[in-house]
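Structure file final.csv (CSV, C-alpha atoms) follows.
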```csv
chain,number,residue,atom,x,y,z
A,738,MET,CA,0.0,0.0,0.0
A,739,THR,CA,1.5,3.3,-1.1
A,740,ALA,CA,1.5,6.3,1.1
A,741,ARG,CA,-0.9,8.0,-1.3
A,742,ARG,CA,-3.4,5.1,-1.1
A,743,LEU,CA,-3.1,5.0,2.7
A,744,ALA,CA,-3.7,8.7,2.9
A,745,THR,CA,-6.7,8.5,0.5
A,746,CYS,CA,-8.2,5.7,2.6
A,747,ALA,CA,-7.7,7.6,5.8
A,748,VAL,CA,-9.3,10.8,4.4
A,749,LEU,CA,-12.3,8.8,3.2
A,750,ALA,CA,-12.7,7.0,6.5
A,751,ALA,CA,-12.7,10.4,8.3
A,752,LEU,CA,-15.2,11.7,5.8
A,753,ALA,CA,-17.5,8.7,6.2
A,754,LEU,CA,-17.3,9.1,10.0
A,755,ALA,CA,-18.2,12.8,9.7
A,756,LEU,CA,-21.2,12.0,7.4
A,757,SER,CA,-22.6,9.4,9.7
A,758,TYR,CA,-22.2,11.7,12.7
A,759,ILE,CA,-24.0,14.5,10.9
A,760,GLU,CA,-26.7,12.1,9.8
A,761,GLY,CA,-27.3,11.2,13.4
A,762,MET,CA,-28.0,14.8,14.2
A,763,LEU,CA,-30.5,15.4,11.4
A,764,PRO,CA,-34.1,14.6,12.0
A,765,PRO,CA,-35.0,11.2,10.4
A,766,PRO,CA,-36.5,11.6,6.9
A,767,ALA,CA,-39.3,9.2,7.7
A,768,PRO,CA,-40.8,8.1,11.0
A,769,LEU,CA,-39.4,4.6,10.7
A,770,PRO,CA,-37.0,3.0,13.2
A,771,GLY,CA,-33.6,2.9,11.6
A,772,PHE,CA,-34.4,4.7,8.4
A,773,LYS,CA,-31.4,6.7,7.4
A,774,LEU,CA,-30.5,8.3,4.1
A,775,GLY,CA,-27.2,6.5,4.3
A,776,LEU,CA,-24.9,9.4,3.7
A,777,ALA,CA,-21.9,7.3,4.6
A,778,ASN,CA,-22.9,5.0,1.7
A,779,ILE,CA,-21.7,7.7,-0.6
A,780,VAL,CA,-18.2,7.1,0.7
A,781,THR,CA,-18.5,3.3,0.5
A,782,LEU,CA,-19.6,3.5,-3.2
A,783,PHE,CA,-17.0,6.1,-4.0
A,784,ALA,CA,-14.2,3.9,-2.5
A,785,LEU,CA,-15.5,0.8,-4.2
A,786,CYS,CA,-15.5,2.5,-7.6
A,787,ALA,CA,-12.3,4.6,-7.2
A,788,LEU,CA,-10.1,2.3,-5.1
A,789,GLY,CA,-11.6,-1.2,-5.1
A,790,GLY,CA,-13.3,-3.7,-2.8
A,791,ALA,CA,-10.5,-4.3,-0.3
A,792,ASP,CA,-10.0,-0.6,0.4
A,793,ALA,CA,-13.7,0.1,0.6
A,794,LEU,CA,-14.0,-2.7,3.2
A,795,ALA,CA,-11.1,-1.2,5.3
A,796,ILE,CA,-12.7,2.2,5.2
A,797,LEU,CA,-16.1,0.8,6.1
A,798,LEU,CA,-14.8,-1.1,9.1
A,799,THR,CA,-12.8,1.9,10.3
A,800,ARG,CA,-15.9,4.1,10.1
A,801,VAL,CA,-18.1,1.5,11.9
A,802,LEU,CA,-15.7,0.9,14.7
A,803,LEU,CA,-14.8,4.5,15.3
A,804,GLY,CA,-18.4,5.5,15.0
A,805,ALA,CA,-19.4,3.1,17.8
A,806,MET,CA,-16.7,4.7,20.0
A,807,PHE,CA,-17.9,8.2,19.3
A,808,ALA,CA,-21.6,7.7,19.4
A,809,SER,CA,-23.7,5.0,21.0
A,810,GLY,CA,-22.4,1.6,21.9
A,811,ALA,CA,-23.1,-2.0,20.8
A,812,THR,CA,-26.6,-1.6,19.3
A,813,ALA,CA,-25.5,1.1,16.9
A,814,LEU,CA,-22.4,-0.9,16.1
A,815,LEU,CA,-24.5,-3.9,15.0
A,816,PHE,CA,-26.8,-1.7,12.9
A,817,SER,CA,-24.1,0.1,11.0
A,818,LEU,CA,-22.0,-3.1,10.7
A,819,LEU,CA,-24.8,-5.3,9.3
A,820,GLY,CA,-26.2,-2.5,7.1
A,821,GLY,CA,-22.7,-1.4,5.8
A,822,LEU,CA,-21.4,-4.9,5.1
A,823,ALA,CA,-24.6,-5.9,3.3
A,824,ALA,CA,-24.5,-2.8,1.2
A,825,LEU,CA,-20.8,-3.1,0.3
A,826,GLY,CA,-21.1,-6.8,-0.5
A,827,THR,CA,-24.1,-6.3,-2.7
A,828,MET,CA,-22.5,-3.3,-4.5
A,829,ARG,CA,-19.3,-5.3,-5.0
A,830,VAL,CA,-21.2,-8.1,-6.7
A,831,LEU,CA,-23.4,-5.7,-8.7
A,832,SER,CA,-20.4,-3.6,-9.9
A,833,ARG,CA,-19.3,-6.7,-11.8
A,834,VAL,CA,-22.6,-6.6,-13.8
A,835,ARG,CA,-21.5,-4.6,-16.8
A,836,ALA,CA,-25.0,-3.7,-17.9
A,837,LEU,CA,-25.5,-1.7,-14.7
A,838,SER,CA,-24.2,1.9,-14.2
A,839,ILE,CA,-23.3,3.3,-10.8
A,840,TYR,CA,-27.0,4.1,-10.3
A,841,GLY,CA,-28.1,0.4,-10.5
A,842,VAL,CA,-25.2,-0.6,-8.2
A,843,SER,CA,-26.2,2.1,-5.7
A,844,VAL,CA,-29.9,1.2,-5.6
A,845,GLY,CA,-28.9,-2.5,-4.9
A,846,GLY,CA,-26.6,-1.2,-2.1
A,847,ALA,CA,-29.3,0.9,-0.6
A,848,ALA,CA,-31.8,-1.9,-0.6
A,849,ALA,CA,-29.2,-4.3,1.0
A,850,HIS,CA,-28.4,-1.6,3.6
A,851,HIS,CA,-32.0,-1.6,4.8
A,852,VAL,CA,-32.2,-5.4,4.7
A,853,GLY,CA,-29.1,-5.5,6.9
A,854,GLN,CA,-30.5,-2.9,9.3
A,855,VAL,CA,-33.8,-4.7,9.6
A,856,CYS,CA,-31.9,-8.0,10.4
A,857,ALA,CA,-30.0,-6.1,13.1
A,858,ALA,CA,-33.3,-4.8,14.5
A,859,MET,CA,-34.7,-8.3,14.6
A,860,LEU,CA,-31.5,-9.6,16.3
A,861,VAL,CA,-31.6,-6.8,18.9
A,862,LEU,CA,-35.4,-7.1,19.7
A,863,GLY,CA,-35.5,-10.9,19.4
A,864,SER,CA,-38.7,-10.4,17.4
A,865,ALA,CA,-39.8,-10.5,13.8
A,866,ALA,CA,-41.8,-7.2,14.2
A,867,PRO,CA,-39.2,-5.0,12.4
A,868,LEU,CA,-39.8,-7.0,9.3
A,869,ALA,CA,-43.1,-5.0,8.8
A,870,TYR,CA,-40.9,-1.9,8.0
A,871,LEU,CA,-38.9,-3.6,5.3
A,872,PRO,CA,-41.4,-3.1,2.4
A,873,VAL,CA,-41.5,0.7,3.0
A,874,LEU,CA,-37.7,0.8,3.4
A,875,LEU,CA,-37.2,-1.2,0.2
A,876,ALA,CA,-39.6,1.0,-1.7
A,877,LEU,CA,-37.6,4.1,-0.6
A,878,SER,CA,-34.3,2.7,-1.5
A,879,PRO,CA,-34.4,3.5,-5.3
A,880,LEU,CA,-34.7,7.1,-4.2
A,881,SER,CA,-31.9,7.1,-1.6
A,882,GLY,CA,-29.8,4.9,-3.9
A,883,ALA,CA,-30.1,7.2,-6.9
A,884,LEU,CA,-29.2,10.2,-4.7
A,885,THR,CA,-26.1,8.4,-3.4
A,886,ALA,CA,-25.1,7.5,-7.0
A,887,PHE,CA,-25.7,11.1,-8.2
A,888,VAL,CA,-23.3,12.5,-5.6
A,889,CYS,CA,-20.8,9.8,-6.1
A,890,ALA,CA,-20.8,10.2,-9.9
A,891,LEU,CA,-20.1,13.9,-9.5
A,892,LEU,CA,-17.2,13.1,-7.2
A,893,LEU,CA,-15.8,10.5,-9.4
A,894,ARG,CA,-15.8,12.8,-12.4
A,895,ARG,CA,-13.9,15.4,-10.5
A,896,ALA,CA,-11.5,13.2,-8.6
A,897,ARG,CA,-10.3,11.1,-11.6
A,898,GLY,CA,-7.0,12.9,-11.9
A,899,PHE,CA,-5.5,12.5,-8.4
A,900,LEU,CA,-6.7,9.1,-7.2
A,901,PRO,CA,-4.4,6.1,-6.8
A,902,PRO,CA,-5.1,3.3,-9.3
A,903,ARG,CA,-8.0,0.9,-8.7
A,904,GLU,CA,-7.3,-2.5,-7.2
A,905,GLY,CA,-9.4,-5.6,-6.8
B,374,MET,CA,-8.9,5.1,-18.5
B,375,LYS,CA,-12.6,4.3,-18.7
B,376,GLN,CA,-14.4,5.0,-15.5
B,377,PHE,CA,-16.0,1.9,-14.0
B,378,PRO,CA,-18.9,1.4,-13.5
B,379,ASP,CA,-20.6,3.7,-15.9
B,380,LEU,CA,-21.6,7.1,-14.5
B,381,LYS,CA,-24.8,7.6,-16.4
B,382,PRO,CA,-28.0,5.8,-15.6
B,383,ASN,CA,-29.4,3.4,-18.2
B,384,LYS,CA,-32.2,1.0,-18.8
B,385,ALA,CA,-30.7,-1.8,-16.7
B,386,ASP,CA,-30.7,0.6,-13.7
B,387,ALA,CA,-34.3,1.3,-14.2
B,388,LEU,CA,-34.9,-2.5,-14.2
B,389,ALA,CA,-32.9,-2.9,-11.0
B,390,ALA,CA,-35.0,-0.2,-9.4
B,391,LEU,CA,-38.2,-1.8,-10.6
B,392,ALA,CA,-37.0,-5.2,-9.2
B,393,VAL,CA,-36.5,-3.6,-5.8
B,394,LEU,CA,-40.0,-2.0,-5.9
B,395,LEU,CA,-41.6,-5.3,-6.9
B,396,LEU,CA,-39.8,-7.0,-4.1
B,397,ALA,CA,-41.1,-4.3,-1.7
B,398,ALA,CA,-44.6,-4.8,-3.1
B,399,ALA,CA,-44.5,-8.6,-2.8
B,400,LEU,CA,-43.2,-8.5,0.7
B,401,GLY,CA,-45.7,-5.8,1.7
B,402,ALA,CA,-48.6,-7.8,0.3
B,403,ARG,CA,-47.4,-10.9,2.2
B,404,LEU,CA,-46.9,-9.1,5.5
B,405,TRP,CA,-49.7,-6.6,5.5
B,406,THR,CA,-52.6,-8.7,4.2
B,407,SER,CA,-52.7,-10.9,7.3
B,408,PRO,CA,-56.3,-11.5,8.3
B,409,PRO,CA,-57.6,-8.1,9.6
B,410,GLY,CA,-59.1,-9.9,12.5
B,411,ALA,CA,-60.5,-7.9,15.4
B,412,ALA,CA,-57.7,-7.1,17.8
B,413,GLY,CA,-58.4,-8.3,21.3
B,414,ALA,CA,-55.3,-8.1,23.4
B,415,VAL,CA,-51.9,-6.3,23.7
B,416,VAL,CA,-48.7,-8.3,24.2
B,417,VAL,CA,-45.7,-6.4,25.5
B,418,SER,CA,-42.3,-7.9,24.9
B,419,ILE,CA,-39.0,-6.8,26.3
B,420,ASP,CA,-35.7,-8.3,25.0
B,421,GLY,CA,-37.7,-10.7,22.9
B,422,ALA,CA,-39.7,-12.2,25.8
B,423,ALA,CA,-43.4,-11.5,26.4
B,424,VAL,CA,-43.7,-9.8,29.8
B,425,GLU,CA,-47.4,-9.1,29.8
B,426,ARG,CA,-50.7,-9.8,27.9
B,427,VAL,CA,-53.5,-7.5,28.6
B,428,ALA,CA,-57.0,-7.3,27.0
B,429,LEU,CA,-57.8,-4.1,25.1
B,430,GLY,CA,-59.7,-1.5,27.1
B,431,GLU,CA,-59.2,1.9,28.7
B,432,TRP,CA,-55.9,1.6,30.4
B,433,SER,CA,-52.4,3.0,30.7
B,434,ARG,CA,-49.3,1.1,31.8
B,435,THR,CA,-45.7,2.0,32.3
B,436,TYR,CA,-42.8,-0.3,31.5
B,437,ALA,CA,-39.2,0.0,32.4
B,438,ALA,CA,-37.0,-1.6,29.8
B,439,ASN,CA,-33.2,-1.3,29.4
B,440,GLY,CA,-33.0,2.0,31.2
B,441,TYR,CA,-36.0,3.6,29.5
B,442,THR,CA,-39.5,4.2,30.6
B,443,VAL,CA,-42.2,3.6,28.1
B,444,ARG,CA,-45.9,4.4,28.7
B,445,VAL,CA,-48.4,2.3,26.7
B,446,GLU,CA,-52.0,3.5,26.5
B,447,ALA,CA,-54.9,1.4,25.2
B,448,THR,CA,-58.5,2.1,24.2
B,449,ALA,CA,-61.1,-0.4,23.2
B,450,GLY,CA,-60.0,-0.1,19.6
B,451,GLY,CA,-56.2,0.1,19.6
B,452,VAL,CA,-53.0,0.8,21.5
B,453,ARG,CA,-50.2,3.3,21.2
B,454,VAL,CA,-47.0,4.3,22.9
B,455,ALA,CA,-48.1,7.6,24.6
B,456,ALA,CA,-44.7,8.6,25.9
B,457,SER,CA,-41.2,7.3,26.0
B,458,ASP,CA,-37.9,8.8,27.2
B,459,CYS,CA,-35.9,7.1,24.4
B,460,PRO,CA,-33.9,9.3,22.1
B,461,THR,CA,-35.4,8.3,18.8
B,462,GLN,CA,-39.2,8.6,19.6
B,463,ASP,CA,-40.0,6.3,16.7
B,464,CYS,CA,-42.3,4.3,18.9
B,465,VAL,CA,-44.3,7.4,19.8
B,466,ARG,CA,-44.5,8.6,16.2
B,467,THR,CA,-45.8,5.2,15.1
B,468,GLY,CA,-49.1,6.3,16.5
B,469,THR,CA,-52.1,4.0,17.3
B,470,ILE,CA,-52.2,0.5,15.9
B,471,THR,CA,-55.6,-1.1,15.5
B,472,ARG,CA,-55.3,-4.5,13.7
B,473,ALA,CA,-54.2,-7.9,15.0
B,474,GLY,CA,-50.7,-8.6,14.0
B,475,GLN,CA,-49.5,-5.0,13.9
B,476,SER,CA,-46.7,-3.9,16.3
B,477,ILE,CA,-45.0,-0.9,17.6
B,478,VAL,CA,-41.2,-1.1,18.0
B,479,CYS,CA,-39.1,0.8,20.5
B,480,LEU,CA,-35.6,-0.1,19.5
B,481,PRO,CA,-33.6,1.7,22.2
B,482,ALA,CA,-35.7,0.1,25.0
B,483,ARG,CA,-35.9,-3.2,23.0
B,484,LEU,CA,-39.6,-3.2,23.6
B,485,VAL,CA,-42.3,-4.4,21.2
B,486,VAL,CA,-46.0,-3.8,21.6
B,487,THR,CA,-48.0,-6.3,19.5
B,488,LEU,CA,-51.8,-6.6,19.0
B,489,THR,CA,-53.2,-10.1,18.9
B,490,GLY,CA,-56.6,-11.5,18.2
B,491,ALA,CA,-59.1,-12.0,21.0
B,492,ALA,CA,-59.1,-15.8,20.7
B,493,GLU,CA,-55.4,-15.9,21.0
B,494,TYR,CA,-55.7,-13.8,24.2
B,495,ASP,CA,-58.3,-16.2,25.7
B,496,ALA,CA,-56.0,-19.1,25.0
B,497,VAL,CA,-52.9,-17.7,26.8
B,498,ALA,CA,-54.8,-16.0,29.6
B,499,GLY,CA,-56.7,-19.1,30.6
```
Can you turn what I pasted into structure tokens?
Amino acid sequence: MTARRLATCAVLAALALALSYIEGMLPPPAPLPGFKLGLANIVTLFALCALGGADALAILLTRVLLGAMFASGATALLFSLLGGLAALGTMRVLSRVRALSIYGVSVGGAAAHHVGQVCAAMLVLGSAAPLAYLPVLLALSPLSGALTAFVCALLLRRARGFLPPREG
Amino acid sequence: MKQFPDLKPNKADALAALAVLLLAAALGARLWTSPPGAAGAVVVSIDGAAVERVALGEWSRTYAANGYTVRVEATAGGVRVAASDCPTQDCVRTGTITRAGQSIVCLPARLVVTLTGAAEYDAVAG
């Protein structure tokens, strides 16, 4: 790992941490437990496209672990971990589908993010009740996914010149 | 170098979005069309274990769960979380639920309020 790659990863992890912190202070966009716009997913998608899967995973884990230390304990950790890993895993697979643009990849990631969070809620509560929120969350994910992709596409166009080469 | 993946939306993306929407609709149809049977009783669970089953009626009860205090209020027709000192307030904003099978979730308190049918209530209360 070159110094430039390490520095890029560190900056992106800090950015993701800041975004999820800001998101925690905003009022939730819908009165649904756990519904977040997923601002930090912008960073995950950007890292996946610009740097590759391994770096995106490292950035995600750094954000999740530091986020749990800054904010609120084990429950929040489980939520962001399951949501984040599901989103990254799905986007990693979908990014191999040549027919899809960044928008399709991002919508899949947003949907997986919500599935992961609902799973976390079911684990925490020991009840299937949170499943009732999943249809609404899934229906909203094309919207939040497209928004994420839009921001990410803007960034990728601008950042093309000074990023380290993509790996993996 | 060609940017990968493509940065402009295309038809395949629209299909992906449609697939997600269809999945949402299918899941919704499956989960929300459960028999709209008359709700008869309220089950309150904390940490996944039912702590109390109470028939619907005019009452108000307070539960302490994982450091939070949640007040549940019922009428003859439904139940709601009237007040909670949890930070998210999703449980309060959910409002009143009226159909058997519906639930209110308070994630920070790990408390679930579920409505069940009257017959089910008689069976467990017996």
Using all atoms listed in the file: which of A:Leu900, A:Ser843, A:Leu874, A:Ala866 has the shortest distance to B:Leu488 =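 Checking each of A:Leu900, A:Ser843, A:Leu874, A:Ala866 against B:Leu488, counting all atoms listed in the file, the winner is A:Ala866.
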Please, which residues in chain B fall within 6 Å of chain A when counting all atoms listed in the file, and what is the closest atom pair and distance in Å to one decimal for each, ordered by chain then residue number, as a tab-separated table?
```
residue	atom	partner	partner_atom	distance
B:Pro378	CA	A:Ser838	CA	5.4
B:Asp379	CA	A:Ser838	CA	4.4
B:Leu380	CA	A:Ile839	CA	5.6
B:Pro382	CA	A:Ser838	CA	5.6
B:Ala385	CA	A:Leu837	CA	5.6
B:Asp386	CA	A:Gly841	CA	4.1
B:Ala389	CA	A:Gly841	CA	5.8
B:Ala390	CA	A:Pro879	CA	5.6
B:Leu394	CA	A:Ala876	CA	5.2
B:Ala397	CA	A:Pro872	CA	4.3
B:Leu400	CA	A:Pro872	CA	5.9
B:Gly401	CA	A:Pro872	CA	5.1
B:Asp420	CA	A:Leu862	CA	5.4
B:Gly421	CA	A:Gly863	CA	4.1
B:Asp463	CA	A:Pro770	CA	5.7
B:Arg483	CA	A:Leu862	CA	5.1
```
Expressed in Å to a single decimal, how great is the separation between atom CA of B:Cys464 and atom CA of A:Asn778?
->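 Those two atoms sit 25.9 Å apart.
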Which residue, A:Leu819, A:Leu774, A:Leu825, A:Ile759, has the smallest gap to A:Gly789 when you use all atoms listed in the file?
->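 With all atoms listed in the file as the atom set, the closest residue is A:Leu825.
For the pair atom CA of B:Tyr441 and atom CA of B:Gly413, the interatomic distance is 26.7 Å.
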Closest of A:Ala824, A:Ser817, A:Asp792, A:Lys773 to A:Thr745 - atom-to-atom distances counting all atoms listed in the file =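 The closest residue to A:Thr745 is A:Asp792.
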Show me as a VMD selection string the residues that reach within 6 Å of (-54.4, 1.6, 29.3), counting all atoms listed in the file and using the file's own coordinates.
-> chain B and resid 431 to 434 446 to 447
What does the distance between atom CA of A:Gly898 and atom CA of B:Lys384 come to in Å, to one decimal place?
->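 It comes out at 28.7 Å.
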All residues 8 Å or closer to A:Cys746, all atoms listed in the file, same chain fewer than 4 positions away omitted, as an MDAnalysis selection string = chainID A and resid 742 750 792 795:796
Select, from B:Ala456, B:Val443, B:Leu395, B:Ala491, the residue with the minimum atom-to-atom distance to B:Arg426, counting all atoms listed in the file.
->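 For B:Arg426, the nearest of the candidates is B:Ala491.
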Would you kindly identify which residues have an atom no farther than 10 Å from (-39.3, -3.3, 31.3), using all atoms listed in the file and the file's own coordinates, and write them out as a PyMOL selection string?
-> chain B and resi 417-420+424+435-443+482-484
Any chance you could build stretch 397-428 of chain B out to N, CA and C atoms and write it as a PDB file, in the frame of the given file?
```pdb
ATOM      1  N   ALA B 397     -40.434  -5.071  -2.805  1.00  0.00           N
ATOM      2  CA  ALA B 397     -41.100  -4.300  -1.700  1.00  0.00           C
ATOM      3  C   ALA B 397     -42.594  -4.620  -1.738  1.00  0.00           C
ATOM      4  N   ALA B 398     -43.194  -4.564  -2.932  1.00  0.00           N
ATOM      5  CA  ALA B 398     -44.600  -4.800  -3.100  1.00  0.00           C
ATOM      6  C   ALA B 398     -45.015  -6.201  -2.665  1.00  0.00           C
ATOM      7  N   ALA B 399     -44.208  -7.171  -3.127  1.00  0.00           N
ATOM      8  CA  ALA B 399     -44.500  -8.600  -2.800  1.00  0.00           C
ATOM      9  C   ALA B 399     -44.420  -8.827  -1.317  1.00  0.00           C
ATOM     10  N   LEU B 400     -43.365  -8.300  -0.717  1.00  0.00           N
ATOM     11  CA  LEU B 400     -43.200  -8.500   0.700  1.00  0.00           C
ATOM     12  C   LEU B 400     -44.283  -7.778   1.492  1.00  0.00           C
ATOM     13  N   GLY B 401     -44.645  -6.580   1.026  1.00  0.00           N
ATOM     14  CA  GLY B 401     -45.700  -5.800   1.700  1.00  0.00           C
ATOM     15  C   GLY B 401     -47.033  -6.571   1.603  1.00  0.00           C
ATOM     16  N   ALA B 402     -47.337  -7.111   0.430  1.00  0.00           N
ATOM     17  CA  ALA B 402     -48.600  -7.800   0.300  1.00  0.00           C
ATOM     18  C   ALA B 402     -48.615  -9.052   1.198  1.00  0.00           C
ATOM     19  N   ARG B 403     -47.464  -9.694   1.325  1.00  0.00           N
ATOM     20  CA  ARG B 403     -47.400 -10.900   2.200  1.00  0.00           C
ATOM     21  C   ARG B 403     -47.537 -10.528   3.652  1.00  0.00           C
ATOM     22  N   LEU B 404     -46.895  -9.435   4.072  1.00  0.00           N
ATOM     23  CA  LEU B 404     -46.900  -9.100   5.500  1.00  0.00           C
ATOM     24  C   LEU B 404     -48.117  -8.375   5.967  1.00  0.00           C
ATOM     25  N   TRP B 405     -48.685  -7.522   5.078  1.00  0.00           N
ATOM     26  CA  TRP B 405     -49.700  -6.600   5.500  1.00  0.00           C
ATOM     27  C   TRP B 405     -51.138  -7.123   5.243  1.00  0.00           C
ATOM     28  N   THR B 406     -51.258  -8.218   4.505  1.00  0.00           N
ATOM     29  CA  THR B 406     -52.600  -8.700   4.200  1.00  0.00           C
ATOM     30  C   THR B 406     -52.990  -9.829   5.156  1.00  0.00           C
ATOM     31  N   SER B 407     -52.272  -9.907   6.270  1.00  0.00           N
ATOM     32  CA  SER B 407     -52.700 -10.900   7.300  1.00  0.00           C
ATOM     33  C   SER B 407     -54.093 -10.613   7.680  1.00  0.00           C
ATOM     34  N   PRO B 408     -54.825 -11.645   8.074  1.00  0.00           N
ATOM     35  CA  PRO B 408     -56.300 -11.500   8.300  1.00  0.00           C
ATOM     36  C   PRO B 408     -56.493 -10.255   9.229  1.00  0.00           C
ATOM     37  N   PRO B 409     -57.335  -9.304   8.808  1.00  0.00           N
ATOM     38  CA  PRO B 409     -57.600  -8.100   9.600  1.00  0.00           C
ATOM     39  C   PRO B 409     -58.485  -8.387  10.752  1.00  0.00           C
ATOM     40  N   GLY B 410     -58.245  -9.478  11.439  1.00  0.00           N
ATOM     41  CA  GLY B 410     -59.100  -9.900  12.500  1.00  0.00           C
ATOM     42  C   GLY B 410     -59.202  -8.874  13.612  1.00  0.00           C
ATOM     43  N   ALA B 411     -60.288  -8.908  14.345  1.00  0.00           N
ATOM     44  CA  ALA B 411     -60.500  -7.900  15.400  1.00  0.00           C
ATOM     45  C   ALA B 411     -59.362  -8.128  16.447  1.00  0.00           C
ATOM     46  N   ALA B 412     -58.728  -7.023  16.804  1.00  0.00           N
ATOM     47  CA  ALA B 412     -57.700  -7.100  17.800  1.00  0.00           C
ATOM     48  C   ALA B 412     -58.334  -7.193  19.179  1.00  0.00           C
ATOM     49  N   GLY B 413     -57.808  -8.084  20.018  1.00  0.00           N
ATOM     50  CA  GLY B 413     -58.400  -8.300  21.300  1.00  0.00           C
ATOM     51  C   GLY B 413     -57.486  -8.001  22.481  1.00  0.00           C
ATOM     52  N   ALA B 414     -56.184  -8.169  22.235  1.00  0.00           N
ATOM     53  CA  ALA B 414     -55.300  -8.100  23.400  1.00  0.00           C
ATOM     54  C   ALA B 414     -53.942  -7.474  22.947  1.00  0.00           C
ATOM     55  N   VAL B 415     -53.245  -6.970  23.930  1.00  0.00           N
ATOM     56  CA  VAL B 415     -51.900  -6.300  23.700  1.00  0.00           C
ATOM     57  C   VAL B 415     -50.882  -7.232  24.363  1.00  0.00           C
ATOM     58  N   VAL B 416     -49.829  -7.541  23.608  1.00  0.00           N
ATOM     59  CA  VAL B 416     -48.700  -8.300  24.200  1.00  0.00           C
ATOM     60  C   VAL B 416     -47.503  -7.350  24.198  1.00  0.00           C
ATOM     61  N   VAL B 417     -46.911  -7.190  25.362  1.00  0.00           N
ATOM     62  CA  VAL B 417     -45.700  -6.400  25.500  1.00  0.00           C
ATOM     63  C   VAL B 417     -44.505  -7.262  25.684  1.00  0.00           C
ATOM     64  N   SER B 418     -43.512  -7.117  24.813  1.00  0.00           N
ATOM     65  CA  SER B 418     -42.300  -7.900  24.900  1.00  0.00           C
ATOM     66  C   SER B 418     -41.097  -7.020  25.186  1.00  0.00           C
ATOM     67  N   ILE B 419     -40.229  -7.477  26.056  1.00  0.00           N
ATOM     68  CA  ILE B 419     -39.000  -6.800  26.300  1.00  0.00           C
ATOM     69  C   ILE B 419     -37.835  -7.770  26.085  1.00  0.00           C
ATOM     70  N   ASP B 420     -36.842  -7.391  25.309  1.00  0.00           N
ATOM     71  CA  ASP B 420     -35.700  -8.300  25.000  1.00  0.00           C
ATOM     72  C   ASP B 420     -36.183  -9.586  24.374  1.00  0.00           C
ATOM     73  N   GLY B 421     -37.258  -9.542  23.606  1.00  0.00           N
ATOM     74  CA  GLY B 421     -37.700 -10.700  22.900  1.00  0.00           C
ATOM     75  C   GLY B 421     -38.596 -11.660  23.698  1.00  0.00           C
ATOM     76  N   ALA B 422     -38.811 -11.370  24.975  1.00  0.00           N
ATOM     77  CA  ALA B 422     -39.700 -12.200  25.800  1.00  0.00           C
ATOM     78  C   ALA B 422     -40.939 -11.484  26.178  1.00  0.00           C
ATOM     79  N   ALA B 423     -42.088 -12.134  26.007  1.00  0.00           N
ATOM     80  CA  ALA B 423     -43.400 -11.500  26.400  1.00  0.00           C
ATOM     81  C   ALA B 423     -43.403 -11.301  27.874  1.00  0.00           C
ATOM     82  N   VAL B 424     -43.642 -10.066  28.310  1.00  0.00           N
ATOM     83  CA  VAL B 424     -43.700  -9.800  29.800  1.00  0.00           C
ATOM     84  C   VAL B 424     -45.136  -9.665  30.235  1.00  0.00           C
ATOM     85  N   GLU B 425     -46.037  -9.296  29.307  1.00  0.00           N
ATOM     86  CA  GLU B 425     -47.400  -9.100  29.800  1.00  0.00           C
ATOM     87  C   GLU B 425     -48.389  -9.211  28.603  1.00  0.00           C
ATOM     88  N   ARG B 426     -49.553  -9.806  28.879  1.00  0.00           N
ATOM     89  CA  ARG B 426     -50.700  -9.800  27.900  1.00  0.00           C
ATOM     90  C   ARG B 426     -51.860  -9.224  28.600  1.00  0.00           C
ATOM     91  N   VAL B 427     -52.410  -8.181  27.997  1.00  0.00           N
ATOM     92  CA  VAL B 427     -53.500  -7.500  28.600  1.00  0.00           C
ATOM     93  C   VAL B 427     -54.621  -7.293  27.547  1.00  0.00           C
ATOM     94  N   ALA B 428     -55.869  -7.518  27.928  1.00  0.00           N
ATOM     95  CA  ALA B 428     -57.000  -7.300  27.000  1.00  0.00           C
ATOM     96  C   ALA B 428     -57.095  -5.805  26.701  1.00  0.00           C
TER      97      ALA B 428
END
```
